[in-house]
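Dumped data.txt below, it's compact mmCIF, C-alpha atoms:
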# COMPACT_ATOMS: atom_id res chain seq x y z
CA MET A 280 -76.66 52.05 -40.22
CA LEU A 281 -75.88 48.39 -39.81
CA ILE A 282 -76.69 46.97 -36.42
CA LEU A 283 -75.15 43.63 -35.52
CA ALA A 284 -77.14 41.56 -33.08
CA ALA A 285 -75.07 40.01 -30.34
CA SER A 286 -75.12 36.24 -30.38
CA PRO A 287 -76.83 34.77 -27.36
CA ALA A 288 -74.51 33.57 -24.61
CA ALA A 289 -74.24 29.84 -24.32
CA SER A 290 -76.40 28.56 -21.50
CA ALA A 291 -74.91 26.90 -18.46
CA LEU A 292 -74.45 23.15 -18.73
CA HIS A 293 -76.40 21.38 -15.98
CA ILE A 294 -74.44 18.38 -14.70
CA MET A 295 -75.59 15.77 -12.21
CA LEU A 296 -72.76 14.16 -10.26
CA ASP A 297 -73.58 10.71 -8.97
CA PRO A 298 -71.22 9.32 -6.31
CA GLY A 299 -71.93 5.59 -6.46
CA HIS A 300 -73.12 3.46 -3.57
CA GLY A 301 -73.53 4.96 -0.06
CA GLY A 302 -75.00 4.00 3.30
CA VAL A 303 -75.30 0.24 3.79
CA ASP A 304 -74.11 -0.18 0.19
CA THR A 305 -70.40 0.46 0.72
CA GLY A 306 -69.31 -0.71 -2.70
CA ALA A 307 -65.83 -2.24 -2.93
CA VAL A 308 -63.78 -2.24 0.28
CA TYR A 309 -60.09 -3.07 0.24
CA SER A 310 -57.08 -2.10 2.36
CA GLY A 311 -59.33 0.01 4.58
CA ALA A 312 -60.55 2.07 1.61
CA LYS A 313 -64.29 2.21 0.97
CA GLU A 314 -65.57 2.95 -2.52
CA ALA A 315 -68.63 4.91 -1.36
CA ASP A 316 -66.46 7.30 0.69
CA LEU A 317 -63.78 7.79 -1.96
CA VAL A 318 -66.13 8.63 -4.81
CA LEU A 319 -68.10 11.03 -2.61
CA LYS A 320 -64.90 12.92 -1.78
CA VAL A 321 -63.92 13.18 -5.46
CA ALA A 322 -67.46 14.24 -6.39
CA GLN A 323 -67.47 16.97 -3.73
CA LYS A 324 -64.16 18.32 -4.98
CA LEU A 325 -65.49 18.30 -8.54
CA GLN A 326 -68.69 19.98 -7.35
CA GLY A 327 -66.60 22.79 -5.86
CA LEU A 328 -64.80 23.37 -9.16
CA LEU A 329 -68.03 23.39 -11.17
CA GLU A 330 -69.81 25.74 -8.77
CA LYS A 331 -67.05 28.33 -9.21
CA ASP A 332 -67.62 28.34 -12.97
CA SER A 333 -70.72 30.15 -14.27
CA GLN A 334 -70.65 27.93 -17.34
CA PHE A 335 -71.97 25.07 -15.22
CA THR A 336 -74.81 24.22 -12.90
CA VAL A 337 -74.28 21.18 -10.72
CA THR A 338 -76.57 18.85 -8.78
CA MET A 339 -75.51 15.89 -6.62
CA THR A 340 -77.47 12.67 -6.22
CA ARG A 341 -76.09 12.42 -2.69
CA THR A 342 -73.98 14.69 -0.51
CA SER A 343 -73.56 12.33 2.45
CA ASP A 344 -73.06 8.65 3.19
CA ARG A 345 -76.64 7.58 2.54
CA ASN A 346 -78.19 4.72 0.65
CA LEU A 347 -79.71 5.59 -2.72
CA GLY A 348 -81.21 3.08 -5.15
CA LEU A 349 -80.29 3.06 -8.82
CA PRO A 350 -83.85 3.85 -10.02
CA GLU A 351 -83.93 6.81 -7.61
CA ARG A 352 -80.71 8.18 -9.07
CA VAL A 353 -82.18 7.99 -12.56
CA LYS A 354 -85.41 9.65 -11.41
CA MET A 355 -83.40 12.51 -9.90
CA ALA A 356 -81.58 13.08 -13.20
CA GLU A 357 -84.80 13.00 -15.20
CA SER A 358 -86.78 15.27 -12.86
CA SER A 359 -83.90 17.77 -12.66
CA LYS A 360 -83.70 17.82 -16.49
CA VAL A 361 -79.90 17.78 -16.39
CA ASP A 362 -77.77 17.96 -19.53
CA LEU A 363 -75.13 15.44 -18.45
CA PHE A 364 -75.04 12.58 -15.97
CA VAL A 365 -71.64 11.65 -14.49
CA SER A 366 -71.49 8.63 -12.19
CA LEU A 367 -68.34 7.97 -10.14
CA HIS A 368 -67.19 4.54 -8.95
CA ALA A 369 -64.03 2.73 -7.89
CA ASN A 370 -63.05 -0.61 -9.36
CA ALA A 371 -61.99 -3.99 -7.97
CA ALA A 372 -60.56 -7.09 -9.63
CA ALA A 373 -59.37 -10.56 -8.69
CA ASP A 374 -56.02 -9.76 -10.31
CA GLN A 375 -54.20 -7.20 -8.16
CA ARG A 376 -52.25 -6.05 -11.22
CA ALA A 377 -55.39 -4.53 -12.74
CA LYS A 378 -55.08 -0.73 -12.71
CA GLY A 379 -56.13 2.48 -14.37
CA VAL A 380 -59.15 4.64 -15.00
CA GLU A 381 -62.06 3.41 -17.11
CA PHE A 382 -64.76 5.46 -18.84
CA PHE A 383 -67.99 3.63 -19.63
CA PHE A 384 -70.77 4.70 -21.94
CA GLN A 385 -73.78 2.87 -23.33
CA ASN A 386 -74.05 2.01 -27.01
CA ASN A 387 -75.26 -0.77 -29.27
CA LEU A 388 -72.03 -2.74 -29.40
CA PRO A 389 -71.73 -5.98 -27.41
CA PRO A 390 -69.69 -5.38 -24.23
CA ASP A 391 -66.70 -7.55 -23.37
CA GLU A 392 -67.13 -10.16 -20.65
CA ASP A 393 -65.32 -8.21 -17.92
CA ALA A 394 -67.39 -5.08 -18.57
CA LEU A 395 -70.59 -7.11 -18.63
CA PHE A 396 -69.72 -8.75 -15.29
CA LEU A 397 -68.88 -5.39 -13.73
CA ALA A 398 -72.17 -3.91 -14.90
CA SER A 399 -74.12 -6.88 -13.54
CA GLN A 400 -72.43 -6.43 -10.16
CA GLU A 401 -73.44 -2.77 -10.04
CA ASN A 402 -76.95 -3.43 -11.35
CA GLN A 403 -77.80 -6.20 -8.91
CA MET A 404 -78.96 -3.60 -6.39
CA VAL A 405 -82.03 -3.00 -8.57
CA LEU A 406 -84.58 -5.39 -7.12
CA ASN A 407 -87.91 -3.60 -7.33
CA ARG A 408 -89.72 -4.58 -10.54
CA ARG A 409 -92.25 -1.77 -10.18
CA GLU A 410 -89.47 0.84 -10.08
CA LEU A 411 -87.85 -0.76 -13.10
CA GLN A 412 -91.09 -0.59 -15.05
CA GLU A 413 -91.68 3.03 -14.11
CA ILE A 414 -88.20 4.06 -15.26
CA SER A 415 -88.29 2.10 -18.51
CA GLY A 416 -91.79 3.21 -19.45
CA GLY A 417 -93.51 -0.10 -18.73
CA ASP A 418 -96.24 -1.19 -21.09
CA GLU A 419 -96.50 2.30 -22.59
CA LEU A 420 -93.59 1.49 -24.91
CA SER A 421 -95.74 -0.99 -26.80
CA LYS A 422 -98.41 1.66 -27.40
CA LYS A 423 -96.15 4.09 -29.20
CA GLY A 424 -96.68 4.63 -32.90
CA ASP A 425 -94.08 4.15 -35.58
CA VAL A 426 -93.25 7.87 -35.80
CA ALA A 427 -92.74 8.13 -32.05
CA ALA A 428 -90.52 5.05 -32.13
CA ILE A 429 -88.39 6.56 -34.90
CA VAL A 430 -88.03 9.85 -33.01
CA GLU A 431 -87.08 7.95 -29.88
CA ASP A 432 -84.47 5.97 -31.79
CA LEU A 433 -82.95 9.16 -33.20
CA GLN A 434 -82.81 10.67 -29.73
CA ARG A 435 -81.14 7.52 -28.41
CA GLN A 436 -78.52 7.64 -31.15
CA SER A 437 -77.85 11.31 -30.44
CA ARG A 438 -77.44 10.57 -26.73
CA MET A 439 -75.04 7.72 -27.44
CA ASN A 440 -72.95 9.86 -29.79
CA SER A 441 -72.74 12.65 -27.21
CA SER A 442 -71.83 10.13 -24.51
CA LEU A 443 -69.04 8.76 -26.69
CA ARG A 444 -67.80 12.30 -27.38
CA LEU A 445 -67.70 12.94 -23.62
CA THR A 446 -65.74 9.75 -22.89
CA GLN A 447 -63.30 10.57 -25.69
CA THR A 448 -62.76 14.04 -24.23
CA LEU A 449 -62.10 12.53 -20.80
CA SER A 450 -59.60 10.10 -22.32
CA GLN A 451 -57.80 12.93 -24.13
CA VAL A 452 -57.32 14.83 -20.85
CA TRP A 453 -55.72 11.76 -19.28
CA GLU A 454 -53.51 11.18 -22.33
CA ARG A 455 -52.09 14.71 -22.08
CA ASP A 456 -50.71 13.94 -18.59
CA SER A 457 -47.74 11.60 -18.84
CA ASN A 458 -47.93 10.90 -15.10
CA ALA A 459 -51.62 9.98 -15.13
CA ALA A 460 -52.91 6.44 -14.77
CA GLN A 461 -53.74 4.63 -17.99
CA ALA A 462 -57.28 5.36 -19.18
CA THR A 463 -59.51 3.27 -21.40
CA ILE A 464 -62.95 3.71 -22.95
CA LYS A 465 -65.38 0.83 -22.61
CA GLN A 466 -69.08 0.25 -22.95
CA ALA A 467 -71.40 -1.76 -20.73
CA PRO A 468 -75.09 -1.75 -19.77
CA PHE A 469 -74.77 -0.07 -16.38
CA TYR A 470 -78.25 0.74 -15.15
CA VAL A 471 -77.67 4.46 -14.48
CA ILE A 472 -76.21 5.17 -17.92
CA SER A 473 -78.65 2.91 -19.75
CA LYS A 474 -81.82 4.34 -18.24
CA THR A 475 -81.01 8.07 -18.27
CA SER A 476 -82.23 10.02 -21.31
CA MET A 477 -79.34 12.49 -21.36
CA PRO A 478 -75.68 11.89 -22.36
CA SER A 479 -73.98 10.02 -19.54
CA VAL A 480 -70.71 8.45 -18.48
CA LEU A 481 -69.67 6.16 -15.64
CA ILE A 482 -66.12 6.69 -14.44
CA GLU A 483 -64.19 4.02 -12.55
CA ILE A 484 -61.53 6.18 -10.90
CA GLY A 485 -59.11 3.33 -10.15
CA PHE A 486 -58.69 -0.14 -8.67
CA LEU A 487 -58.90 -0.50 -4.90
CA THR A 488 -57.46 -4.00 -5.29
CA ASN A 489 -54.19 -2.65 -6.72
CA PRO A 490 -51.83 -1.97 -3.76
CA LYS A 491 -50.14 1.02 -5.43
CA GLU A 492 -53.32 2.52 -6.85
CA VAL A 493 -55.31 2.34 -3.62
CA LYS A 494 -52.59 4.34 -1.84
CA LYS A 495 -53.08 7.11 -4.39
CA LEU A 496 -56.88 6.95 -4.26
CA VAL A 497 -56.97 7.66 -0.50
CA SER A 498 -54.71 10.69 -0.98
CA THR A 499 -56.44 14.07 -0.84
CA ASN A 500 -54.07 15.46 -3.46
CA TYR A 501 -54.81 12.62 -5.86
CA GLN A 502 -58.55 13.02 -5.32
CA SER A 503 -58.18 16.71 -6.17
CA ASP A 504 -56.20 15.79 -9.29
CA LEU A 505 -58.96 13.41 -10.41
CA ALA A 506 -61.59 16.10 -9.85
CA GLN A 507 -59.50 18.65 -11.79
CA LYS A 508 -59.06 16.30 -14.74
CA ILE A 509 -62.78 15.55 -14.93
CA TYR A 510 -63.55 19.28 -14.69
CA ASN A 511 -61.08 20.02 -17.50
CA ALA A 512 -62.77 17.39 -19.65
CA LEU A 513 -66.24 18.78 -18.94
CA LEU A 514 -65.00 22.26 -19.84
CA SER A 515 -63.52 21.00 -23.11
CA TYR A 516 -66.72 19.05 -23.88
CA LYS A 517 -68.85 22.15 -23.33
CA GLU A 518 -66.65 24.23 -25.62
CA LYS A 519 -66.95 21.62 -28.36
CA MET A 520 -70.72 21.44 -27.98
CA ASP A 521 -71.10 25.24 -27.94
CA ASN A 522 -68.98 25.55 -31.09
CA HIS A 523 -70.95 22.79 -32.79
CA THR A 524 -74.23 24.52 -31.90
CA ALA A 525 -72.96 27.88 -33.15
CA LYS A 526 -71.89 26.37 -36.50
CA THR A 527 -75.27 24.64 -36.84
CA LEU A 528 -77.13 27.91 -36.25
CA ASN A 529 -74.96 29.68 -38.78
Please render this file's structure as structure tokens.
Amino acid sequence: MLILAASPAASALHIMLDPGHGGVDTGAVYSGAKEADLVLKVAQKLQGLLEKDSQFTVTMTRTSDRNLGLPERVKMAESSKVDLFVSLHANAAADQRAKGVEFFFQNNLPPDEDALFLASQENQMVLNRRELQEISGGDELSKKGDVAAIVEDLQRQSRMNSSLRLTQTLSQVWERDSNAAQATIKQAPFYVISKTSMPSVLIEIGFLTNPKEVKKLVSTNYQSDLAQKIYNALLSYKEKMDNHTAKTLN
């Protein structure tokens, strides 16, 4: 008698949601809208969606309006051994016509000037050299052998490829909605997506400096729509990764 072994169920994807800024670090503030508050609301709505789905496990870097340093956010992701890191922010620009959603990931390509400036603005909160050295590995990096360096490079490339796949999936979800804000994929050396060892993305949910866009961003319904879109993308990403893993095992 032939007995077919059941394939193991795909494990839950552990996601860390990182609402940017918080506490004394308000982030961008325009037209009475505060970045730290807006991204926390979207993150909490997304958390609710993920917690209802057994395919996901979710952890938040912050659940209230409290200050949290960038190195601490990275440490939380590393110690929790999460599978994905999703950081939420809201944008600002000197030109009020700037609009849309932007998905950032880290790779080896040179970033454009605007992306580099935006990353430097976000990263300037990192002031403690000791924390920086602890996160980056400090002098230990120079002690690694050639084999370890090669393995590390392969892992880095794998993380970058997965991060790109995630940003592409997010972009596809936005493209399917004709009423959605324009969405673009960019890359920049944001601290939280550069220093984490797992696939990561930083999402700028819109421009607070755009009069029309900020009105939408403060709307509860629009915040729920943003959360739903990100959830849909995470669900699609997980399905792709599960299918890829299954094909690899076969």
As an exercise, work out the distance from CA of Leu296 (chain A) to CA of Val497 (chain A) in Å and give it to one decimal place.
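Going from CA of Leu296 (chain A) over to CA of Val497 (chain A), I get 19.7 Å.
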Separation of CA of Tyr470 (chain A) and CA of Glu330 (chain A), in Å?
27.1 Å
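Take CA of Met295 (chain A) and CA of Asn511 (chain A): the distance between them is 16.0 Å.
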Counting all atoms listed in the file, closest pick from A:Leu363, A:Val353, A:Ala315, A:Leu328 relative to Arg444 (chain A) is A:Leu363
Using all atoms listed in the file and a cutoff of 10 Å, can you tell me which residues are near (-69.8, 6.2, -24.0) in the file's coordinates, and write them out as a PyMOL selection string?
chain A and resi 382-386+438-447+464-467+472+478-481
Have a look at A:Ala459, A:Val303, A:Leu292, A:Ile482 and name the one nearest to Glu381 (chain A); count all atoms listed in the file.
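Selected residue with least distance to Glu381 (chain A): A:Ile482.
Contact shell of Val308 (chain A) at 8 Å (only C-alpha atoms; same-chain neighbours under 5 positions omitted): Lys313, Glu314 and Leu487 of chain A.
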Among listed residues A:Thr524, A:Ser476, A:Thr499, A:Ser290, nearest Lys324 (chain A) (using all atoms listed in the file):
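Using all atoms listed in the file, Lys324 (chain A) sits closest to A:Thr499.
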Counting all atoms listed in the file, what is within 12 Å of Gln334 (chain A), bar same-chain residues fewer than 3 positions away, as an MDAnalysis selection string?
chainID A and resid 288:294 328:331 337 510 513:518 521
